[in-house]
Amino acid sequence: FISWVQRGLSYWTLRVNVADALVHFVDEGMLLVSPRIFREFADRYGAVGHVGALVGAVGEPDIGLFIQRQVLRAGWHLRTDQGVNFLTYQVMHGKRAVSRLSGVVIPNPVRFIDPVPPVNPLLVRLVVEPGAA
């Protein structure tokens, strides 16, 4: 999966820091928009080697979910203070939030990507206080 992301960023086959991109760069690192990026990878490469894929909402294997879980198990990602694996960002238009993106954030992306693209200035991390609803 990470090799696919590396190639996609190197050869510009994965869009970055634009609307509908699967990868954005934020202050905390590389944001992999979830679950879309994992499903895109699964759509391209199928279930080969992914025995035991998790079952999705319609009762069929969700290979994207399986791949996402494997990336999380690698432990490369940031967690919130509450241990949540996904961080949420607001997409800003001026001073107004127009939508949200959530995903897995890989800190220090230079471990995998070189050069690292600039931070997307339109994304601002949404931090939810414990106990707030």
# chains A, B, ... in the order shown; residues from 1 in each chain; ligands from 1

$ select_by_dssp --residues "chain A" --states "helix (DSSP H, G or I)" --output "JSON, numbers by chain"
{"A": [2, 3, 4, 5, 6, 7, 8, 9, 10, 36, 37, 38, 39, 40, 41, 42, 43, 44, 45, 63, 64, 65, 66, 67, 68, 69, 70, 71, 72, 73, 74, 109, 110, 111]}

$ write_last_selection --atoms "N, CA, C and O atoms" --output "compact mmCIF listing (two decimals), in the first residue's frame"
# COMPACT_ATOMS: atom_id res chain seq x y z
N ILE A 2 1.84 1.32 0.93
CA ILE A 2 2.70 2.51 1.00
C ILE A 2 3.50 2.68 -0.28
O ILE A 2 3.69 3.80 -0.77
N SER A 3 3.95 1.58 -0.89
CA SER A 3 4.66 1.68 -2.17
C SER A 3 3.77 2.27 -3.24
O SER A 3 4.21 3.08 -4.06
N TRP A 4 2.49 1.90 -3.24
CA TRP A 4 1.53 2.44 -4.19
C TRP A 4 1.37 3.94 -3.97
O TRP A 4 1.34 4.72 -4.94
N VAL A 5 1.28 4.37 -2.71
CA VAL A 5 1.18 5.81 -2.41
C VAL A 5 2.45 6.52 -2.87
O VAL A 5 2.38 7.57 -3.51
N GLN A 6 3.60 5.94 -2.58
CA GLN A 6 4.88 6.55 -3.00
C GLN A 6 4.91 6.74 -4.52
O GLN A 6 5.26 7.82 -5.01
N ARG A 7 4.57 5.68 -5.25
CA ARG A 7 4.57 5.77 -6.72
C ARG A 7 3.56 6.80 -7.21
O ARG A 7 3.84 7.59 -8.12
N GLY A 8 2.37 6.77 -6.62
CA GLY A 8 1.33 7.70 -7.02
C GLY A 8 1.72 9.14 -6.83
O GLY A 8 1.41 10.00 -7.67
N LEU A 9 2.43 9.43 -5.76
CA LEU A 9 2.87 10.80 -5.52
C LEU A 9 4.05 11.16 -6.41
O LEU A 9 4.14 12.28 -6.91
N SER A 10 4.94 10.21 -6.64
CA SER A 10 6.11 10.47 -7.50
C SER A 10 5.72 10.72 -8.95
O SER A 10 6.30 11.57 -9.61
N ARG A 36 -11.69 6.19 1.69
CA ARG A 36 -11.59 6.25 0.23
C ARG A 36 -10.26 5.76 -0.33
O ARG A 36 -10.25 5.01 -1.32
N ILE A 37 -9.14 6.15 0.26
CA ILE A 37 -7.85 5.77 -0.32
C ILE A 37 -7.64 4.26 -0.24
O ILE A 37 -7.11 3.64 -1.15
N PHE A 38 -8.11 3.65 0.84
CA PHE A 38 -7.94 2.20 1.00
C PHE A 38 -8.85 1.44 0.03
O PHE A 38 -8.45 0.41 -0.52
N ARG A 39 -10.02 1.97 -0.20
CA ARG A 39 -10.93 1.33 -1.17
C ARG A 39 -10.43 1.51 -2.60
O ARG A 39 -10.57 0.61 -3.42
N GLU A 40 -9.85 2.65 -2.89
CA GLU A 40 -9.27 2.89 -4.22
C GLU A 40 -8.15 1.89 -4.48
O GLU A 40 -8.06 1.30 -5.55
N PHE A 41 -7.29 1.70 -3.50
CA PHE A 41 -6.21 0.72 -3.63
C PHE A 41 -6.79 -0.67 -3.85
O PHE A 41 -6.36 -1.41 -4.74
N ALA A 42 -7.80 -1.04 -3.07
CA ALA A 42 -8.44 -2.36 -3.20
C ALA A 42 -9.10 -2.52 -4.56
O ALA A 42 -9.02 -3.60 -5.17
N ASP A 43 -9.73 -1.46 -5.07
CA ASP A 43 -10.36 -1.53 -6.40
C ASP A 43 -9.32 -1.79 -7.48
O ASP A 43 -9.58 -2.50 -8.44
N ARG A 44 -8.14 -1.23 -7.33
CA ARG A 44 -7.10 -1.39 -8.34
C ARG A 44 -6.39 -2.73 -8.24
O ARG A 44 -5.98 -3.30 -9.24
N TYR A 45 -6.20 -3.23 -7.02
CA TYR A 45 -5.39 -4.43 -6.84
C TYR A 45 -6.16 -5.64 -6.33
O TYR A 45 -5.59 -6.72 -6.24
N ILE A 63 -12.33 -5.25 1.23
CA ILE A 63 -10.88 -5.36 1.17
C ILE A 63 -10.24 -4.04 1.60
O ILE A 63 -9.19 -4.03 2.25
N GLY A 64 -10.87 -2.92 1.27
CA GLY A 64 -10.33 -1.62 1.68
C GLY A 64 -10.23 -1.51 3.19
O GLY A 64 -9.23 -1.02 3.73
N LEU A 65 -11.24 -2.00 3.90
CA LEU A 65 -11.23 -1.98 5.36
C LEU A 65 -10.11 -2.86 5.90
O LEU A 65 -9.43 -2.52 6.86
N PHE A 66 -9.91 -3.99 5.25
CA PHE A 66 -8.83 -4.90 5.64
C PHE A 66 -7.47 -4.21 5.48
O PHE A 66 -6.63 -4.27 6.38
N ILE A 67 -7.26 -3.54 4.36
CA ILE A 67 -5.99 -2.85 4.11
C ILE A 67 -5.79 -1.72 5.12
O ILE A 67 -4.70 -1.54 5.67
N GLN A 68 -6.86 -0.98 5.38
CA GLN A 68 -6.79 0.09 6.37
C GLN A 68 -6.36 -0.47 7.72
O GLN A 68 -5.47 0.10 8.38
N ARG A 69 -6.94 -1.56 8.12
CA ARG A 69 -6.58 -2.17 9.41
C ARG A 69 -5.10 -2.57 9.44
O ARG A 69 -4.43 -2.43 10.44
N GLN A 70 -4.59 -3.08 8.32
CA GLN A 70 -3.18 -3.47 8.26
C GLN A 70 -2.27 -2.25 8.41
O GLN A 70 -1.24 -2.30 9.10
N VAL A 71 -2.64 -1.14 7.79
CA VAL A 71 -1.86 0.09 7.92
C VAL A 71 -1.89 0.57 9.37
O VAL A 71 -0.86 0.95 9.94
N LEU A 72 -3.06 0.51 10.01
CA LEU A 72 -3.16 0.90 11.41
C LEU A 72 -2.31 0.00 12.30
O LEU A 72 -1.66 0.47 13.24
N ARG A 73 -2.31 -1.28 12.01
CA ARG A 73 -1.50 -2.21 12.81
C ARG A 73 -0.01 -1.95 12.68
O ARG A 73 0.77 -2.27 13.57
N ALA A 74 0.40 -1.36 11.57
CA ALA A 74 1.82 -1.03 11.40
C ALA A 74 2.27 0.02 12.41
O ALA A 74 3.46 0.13 12.71
N PRO A 109 6.22 12.29 7.22
CA PRO A 109 6.06 11.56 5.96
C PRO A 109 7.34 11.43 5.15
O PRO A 109 7.42 10.60 4.24
N VAL A 110 8.38 12.18 5.50
CA VAL A 110 9.65 12.07 4.79
C VAL A 110 10.20 10.65 4.92
O VAL A 110 11.03 10.23 4.10
N ARG A 111 9.72 9.89 5.89
CA ARG A 111 10.13 8.48 6.00
C ARG A 111 9.72 7.70 4.76
O ARG A 111 10.34 6.70 4.41

$ residues_around --residues "stretch 20-33 of chain A" --least-positions-apart "4" --cutoff "9 Å" --atoms "only C-alpha atoms" --output "count of residues only"
29

$ select_by_dssp --residues "chain A" --states "strand (DSSP E)" --output "PyMOL selection string"
chain A and resi 23-26+29-33+54-55+61-62+87-93+96-106+123-126

$ write_last_selection --atoms "N, CA and C atoms" --output "short mmCIF file (atom, residue, chain, number, x, y, z; two decimals), in the first residue's frame"
data_model
loop_
_atom_site.label_atom_id
_atom_site.label_comp_id
_atom_site.auth_asym_id
_atom_site.auth_seq_id
_atom_site.Cartn_x
_atom_site.Cartn_y
_atom_site.Cartn_z
N VAL A 23 -4.95 12.16 -0.86
CA VAL A 23 -3.82 12.48 0.01
C VAL A 23 -3.72 13.99 0.15
N HIS A 24 -3.57 14.42 1.40
CA HIS A 24 -3.33 15.83 1.70
C HIS A 24 -2.17 15.89 2.68
N PHE A 25 -1.45 16.98 2.66
CA PHE A 25 -0.40 17.18 3.64
C PHE A 25 -0.86 18.27 4.60
N VAL A 26 -0.75 17.96 5.89
CA VAL A 26 -1.20 18.83 6.96
C VAL A 26 -0.03 19.04 7.92
N GLY A 29 1.36 15.86 9.33
CA GLY A 29 1.94 14.86 8.45
C GLY A 29 1.14 14.63 7.18
N MET A 30 1.10 13.38 6.74
CA MET A 30 0.40 13.01 5.50
C MET A 30 -0.96 12.43 5.86
N LEU A 31 -2.03 13.10 5.40
CA LEU A 31 -3.40 12.67 5.65
C LEU A 31 -3.86 11.77 4.52
N LEU A 32 -4.17 10.51 4.87
CA LEU A 32 -4.72 9.55 3.91
C LEU A 32 -6.23 9.54 4.14
N VAL A 33 -6.98 10.08 3.20
CA VAL A 33 -8.42 10.23 3.35
C VAL A 33 -9.06 8.84 3.42
N LEU A 54 -12.30 -8.14 6.10
CA LEU A 54 -13.45 -7.83 6.94
C LEU A 54 -14.70 -7.71 6.09
N VAL A 55 -15.83 -8.05 6.67
CA VAL A 55 -17.09 -7.98 5.94
C VAL A 55 -17.66 -6.58 6.08
N PRO A 61 -17.04 -9.01 1.46
CA PRO A 61 -15.72 -8.60 1.98
C PRO A 61 -15.40 -7.15 1.60
N ASP A 62 -14.91 -6.41 2.56
CA ASP A 62 -14.47 -5.04 2.32
C ASP A 62 -12.95 -5.04 2.39
N LEU A 87 -8.05 11.35 12.38
CA LEU A 87 -8.11 12.77 12.68
C LEU A 87 -9.04 13.43 11.67
N THR A 88 -9.69 14.49 12.11
CA THR A 88 -10.65 15.20 11.26
C THR A 88 -10.15 16.62 11.02
N TYR A 89 -10.34 17.06 9.77
CA TYR A 89 -9.94 18.40 9.36
C TYR A 89 -11.11 19.11 8.72
N GLN A 90 -11.19 20.40 8.98
CA GLN A 90 -12.19 21.23 8.32
C GLN A 90 -11.56 21.81 7.06
N VAL A 91 -12.35 21.78 5.99
CA VAL A 91 -11.93 22.42 4.74
C VAL A 91 -12.46 23.85 4.82
N MET A 92 -11.54 24.79 4.77
CA MET A 92 -11.90 26.19 4.96
C MET A 92 -12.04 26.93 3.63
N HIS A 93 -13.00 27.80 3.59
CA HIS A 93 -13.16 28.75 2.49
C HIS A 93 -13.18 30.11 3.15
N ARG A 96 -14.62 30.39 6.83
CA ARG A 96 -15.79 29.53 7.02
C ARG A 96 -15.45 28.09 6.66
N ALA A 97 -15.83 27.16 7.55
CA ALA A 97 -15.65 25.73 7.26
C ALA A 97 -16.75 25.28 6.31
N VAL A 98 -16.36 24.66 5.20
CA VAL A 98 -17.35 24.24 4.20
C VAL A 98 -17.56 22.73 4.17
N SER A 99 -16.61 21.97 4.68
CA SER A 99 -16.77 20.52 4.75
C SER A 99 -15.69 19.96 5.67
N ARG A 100 -15.71 18.63 5.80
CA ARG A 100 -14.73 17.96 6.66
C ARG A 100 -14.11 16.78 5.93
N LEU A 101 -12.88 16.48 6.30
CA LEU A 101 -12.16 15.29 5.83
C LEU A 101 -11.64 14.55 7.05
N SER A 102 -11.72 13.26 7.02
CA SER A 102 -11.14 12.45 8.09
C SER A 102 -10.22 11.42 7.48
N GLY A 103 -9.25 11.02 8.26
CA GLY A 103 -8.37 9.99 7.75
C GLY A 103 -7.26 9.65 8.71
N VAL A 104 -6.38 8.83 8.21
CA VAL A 104 -5.21 8.37 8.94
C VAL A 104 -4.09 9.36 8.63
N VAL A 105 -3.43 9.84 9.67
CA VAL A 105 -2.32 10.78 9.47
C VAL A 105 -1.01 10.09 9.82
N ILE A 106 -0.10 10.11 8.85
CA ILE A 106 1.23 9.54 9.02
C ILE A 106 2.19 10.69 9.34
N LEU A 123 -6.81 23.20 5.00
CA LEU A 123 -7.24 22.21 5.99
C LEU A 123 -6.79 22.65 7.38
N VAL A 124 -7.75 22.65 8.30
CA VAL A 124 -7.49 23.01 9.69
C VAL A 124 -7.98 21.86 10.56
N ARG A 125 -7.12 21.37 11.42
CA ARG A 125 -7.50 20.24 12.27
C ARG A 125 -8.65 20.61 13.18
N LEU A 126 -9.61 19.73 13.26
CA LEU A 126 -10.76 19.88 14.15
C LEU A 126 -10.44 19.06 15.40
#

$ atom_distance --atom1 "atom CA of A:Val84" --atom2 "atom CA of A:Ser34"
13.4 Å

$ atom_distance --atom1 "atom CA of A:Asp114" --atom2 "atom CA of A:Thr80"
25.8 Å

$ closest_residue --among "A:Val127, A:Pro115, A:Leu122, A:Phe86" --to "A:Pro35" --atoms "only C-alpha atoms"
A:Phe86

$ atom_distance --atom1 "atom CA of A:Val18" --atom2 "atom CA of A:Phe112"
20.4 Å

$ decode --residues "chain A" --atoms "C-alpha atoms" --output "CSV table (one decimal), in the first residue's frame"
chain,number,residue,atom,x,y,z
A,1,PHE,CA,0.0,0.0,0.0
A,2,ILE,CA,2.7,2.5,1.0
A,3,SER,CA,4.7,1.7,-2.2
A,4,TRP,CA,1.5,2.4,-4.2
A,5,VAL,CA,1.2,5.8,-2.4
A,6,GLN,CA,4.9,6.5,-3.0
A,7,ARG,CA,4.6,5.8,-6.7
A,8,GLY,CA,1.3,7.7,-7.0
A,9,LEU,CA,2.9,10.8,-5.5
A,10,SER,CA,6.1,10.5,-7.5
A,11,TYR,CA,4.4,10.0,-10.9
A,12,TRP,CA,1.4,12.4,-10.1
A,13,THR,CA,-1.1,9.6,-10.5
A,14,LEU,CA,-2.5,10.4,-7.0
A,15,ARG,CA,-3.7,13.9,-6.7
A,16,VAL,CA,-2.5,15.9,-3.7
A,17,ASN,CA,-3.9,18.8,-1.7
A,18,VAL,CA,-6.8,19.5,-4.1
A,19,ALA,CA,-10.5,18.8,-4.0
A,20,ASP,CA,-11.3,15.1,-4.0
A,21,ALA,CA,-7.6,14.2,-3.5
A,22,LEU,CA,-7.0,11.0,-1.5
A,23,VAL,CA,-3.8,12.5,0.0
A,24,HIS,CA,-3.3,15.8,1.7
A,25,PHE,CA,-0.4,17.2,3.6
A,26,VAL,CA,-1.2,18.8,7.0
A,27,ASP,CA,0.9,20.2,9.8
A,28,GLU,CA,0.8,16.8,11.5
A,29,GLY,CA,1.9,14.9,8.5
A,30,MET,CA,0.4,13.0,5.5
A,31,LEU,CA,-3.4,12.7,5.7
A,32,LEU,CA,-4.7,9.5,3.9
A,33,VAL,CA,-8.4,10.2,3.4
A,34,SER,CA,-10.2,7.3,4.8
A,35,PRO,CA,-11.8,5.0,3.8
A,36,ARG,CA,-11.6,6.3,0.2
A,37,ILE,CA,-7.8,5.8,-0.3
A,38,PHE,CA,-7.9,2.2,1.0
A,39,ARG,CA,-10.9,1.3,-1.2
A,40,GLU,CA,-9.3,2.9,-4.2
A,41,PHE,CA,-6.2,0.7,-3.6
A,42,ALA,CA,-8.4,-2.4,-3.2
A,43,ASP,CA,-10.4,-1.5,-6.4
A,44,ARG,CA,-7.1,-1.4,-8.3
A,45,TYR,CA,-5.4,-4.4,-6.8
A,46,GLY,CA,-8.3,-6.6,-5.6
A,47,ALA,CA,-8.2,-9.2,-2.9
A,48,VAL,CA,-5.0,-11.0,-3.8
A,49,GLY,CA,-3.2,-11.8,-0.6
A,50,HIS,CA,-5.9,-10.4,1.6
A,51,VAL,CA,-7.5,-13.6,2.9
A,52,GLY,CA,-9.7,-12.9,5.9
A,53,ALA,CA,-10.9,-9.5,4.7
A,54,LEU,CA,-13.4,-7.8,6.9
A,55,VAL,CA,-17.1,-8.0,5.9
A,56,GLY,CA,-18.6,-4.7,4.9
A,57,ALA,CA,-22.2,-3.4,5.6
A,58,VAL,CA,-23.7,-5.3,2.7
A,59,GLY,CA,-22.2,-8.6,3.9
A,60,GLU,CA,-19.5,-8.8,1.2
A,61,PRO,CA,-15.7,-8.6,2.0
A,62,ASP,CA,-14.5,-5.0,2.3
A,63,ILE,CA,-10.9,-5.4,1.2
A,64,GLY,CA,-10.3,-1.6,1.7
A,65,LEU,CA,-11.2,-2.0,5.4
A,66,PHE,CA,-8.8,-4.9,5.6
A,67,ILE,CA,-6.0,-2.9,4.1
A,68,GLN,CA,-6.8,0.1,6.4
A,69,ARG,CA,-6.6,-2.2,9.4
A,70,GLN,CA,-3.2,-3.5,8.3
A,71,VAL,CA,-1.9,0.1,7.9
A,72,LEU,CA,-3.2,0.9,11.4
A,73,ARG,CA,-1.5,-2.2,12.8
A,74,ALA,CA,1.8,-1.0,11.4
A,75,GLY,CA,1.6,1.8,14.0
A,76,TRP,CA,2.9,4.5,11.7
A,77,HIS,CA,-0.1,6.9,12.3
A,78,LEU,CA,-1.0,9.5,14.8
A,79,ARG,CA,-3.7,8.9,17.4
A,80,THR,CA,-5.8,11.5,19.2
A,81,ASP,CA,-5.2,11.9,23.0
A,82,GLN,CA,-8.3,9.6,23.4
A,83,GLY,CA,-6.6,6.9,21.3
A,84,VAL,CA,-8.8,7.4,18.1
A,85,ASN,CA,-7.0,6.4,14.9
A,86,PHE,CA,-8.6,9.0,12.7
A,87,LEU,CA,-8.1,12.8,12.7
A,88,THR,CA,-10.6,15.2,11.3
A,89,TYR,CA,-9.9,18.4,9.4
A,90,GLN,CA,-12.2,21.2,8.3
A,91,VAL,CA,-11.9,22.4,4.7
A,92,MET,CA,-11.9,26.2,5.0
A,93,HIS,CA,-13.2,28.7,2.5
A,94,GLY,CA,-11.9,32.0,3.9
A,95,LYS,CA,-12.9,31.9,7.6
A,96,ARG,CA,-15.8,29.5,7.0
A,97,ALA,CA,-15.6,25.7,7.3
A,98,VAL,CA,-17.3,24.2,4.2
A,99,SER,CA,-16.8,20.5,4.7
A,100,ARG,CA,-14.7,18.0,6.7
A,101,LEU,CA,-12.2,15.3,5.8
A,102,SER,CA,-11.1,12.4,8.1
A,103,GLY,CA,-8.4,10.0,7.8
A,104,VAL,CA,-5.2,8.4,8.9
A,105,VAL,CA,-2.3,10.8,9.5
A,106,ILE,CA,1.2,9.5,9.0
A,107,PRO,CA,3.6,11.8,10.9
A,108,ASN,CA,7.1,12.5,9.5
A,109,PRO,CA,6.1,11.6,6.0
A,110,VAL,CA,9.6,12.1,4.8
A,111,ARG,CA,10.1,8.5,6.0
A,112,PHE,CA,8.1,7.4,3.0
A,113,ILE,CA,7.8,10.5,0.6
A,114,ASP,CA,10.7,12.6,-0.6
A,115,PRO,CA,10.3,15.4,-1.4
A,116,VAL,CA,7.3,16.1,0.9
A,117,PRO,CA,4.7,18.3,-0.8
A,118,PRO,CA,3.7,21.5,1.0
A,119,VAL,CA,1.0,21.6,3.6
A,120,ASN,CA,-2.6,22.2,2.3
A,121,PRO,CA,-3.4,25.7,3.8
A,122,LEU,CA,-7.2,25.0,3.4
A,123,LEU,CA,-7.2,22.2,6.0
A,124,VAL,CA,-7.5,23.0,9.7
A,125,ARG,CA,-7.5,20.2,12.3
A,126,LEU,CA,-10.8,19.9,14.1
A,127,VAL,CA,-10.0,19.1,17.8
A,128,VAL,CA,-13.0,17.8,19.8
A,129,GLU,CA,-12.7,18.3,23.5
A,130,PRO,CA,-13.3,15.2,25.7
A,131,GLY,CA,-16.9,15.0,26.7
A,132,ALA,CA,-18.1,17.5,24.0
A,133,ALA,CA,-20.8,16.4,21.7
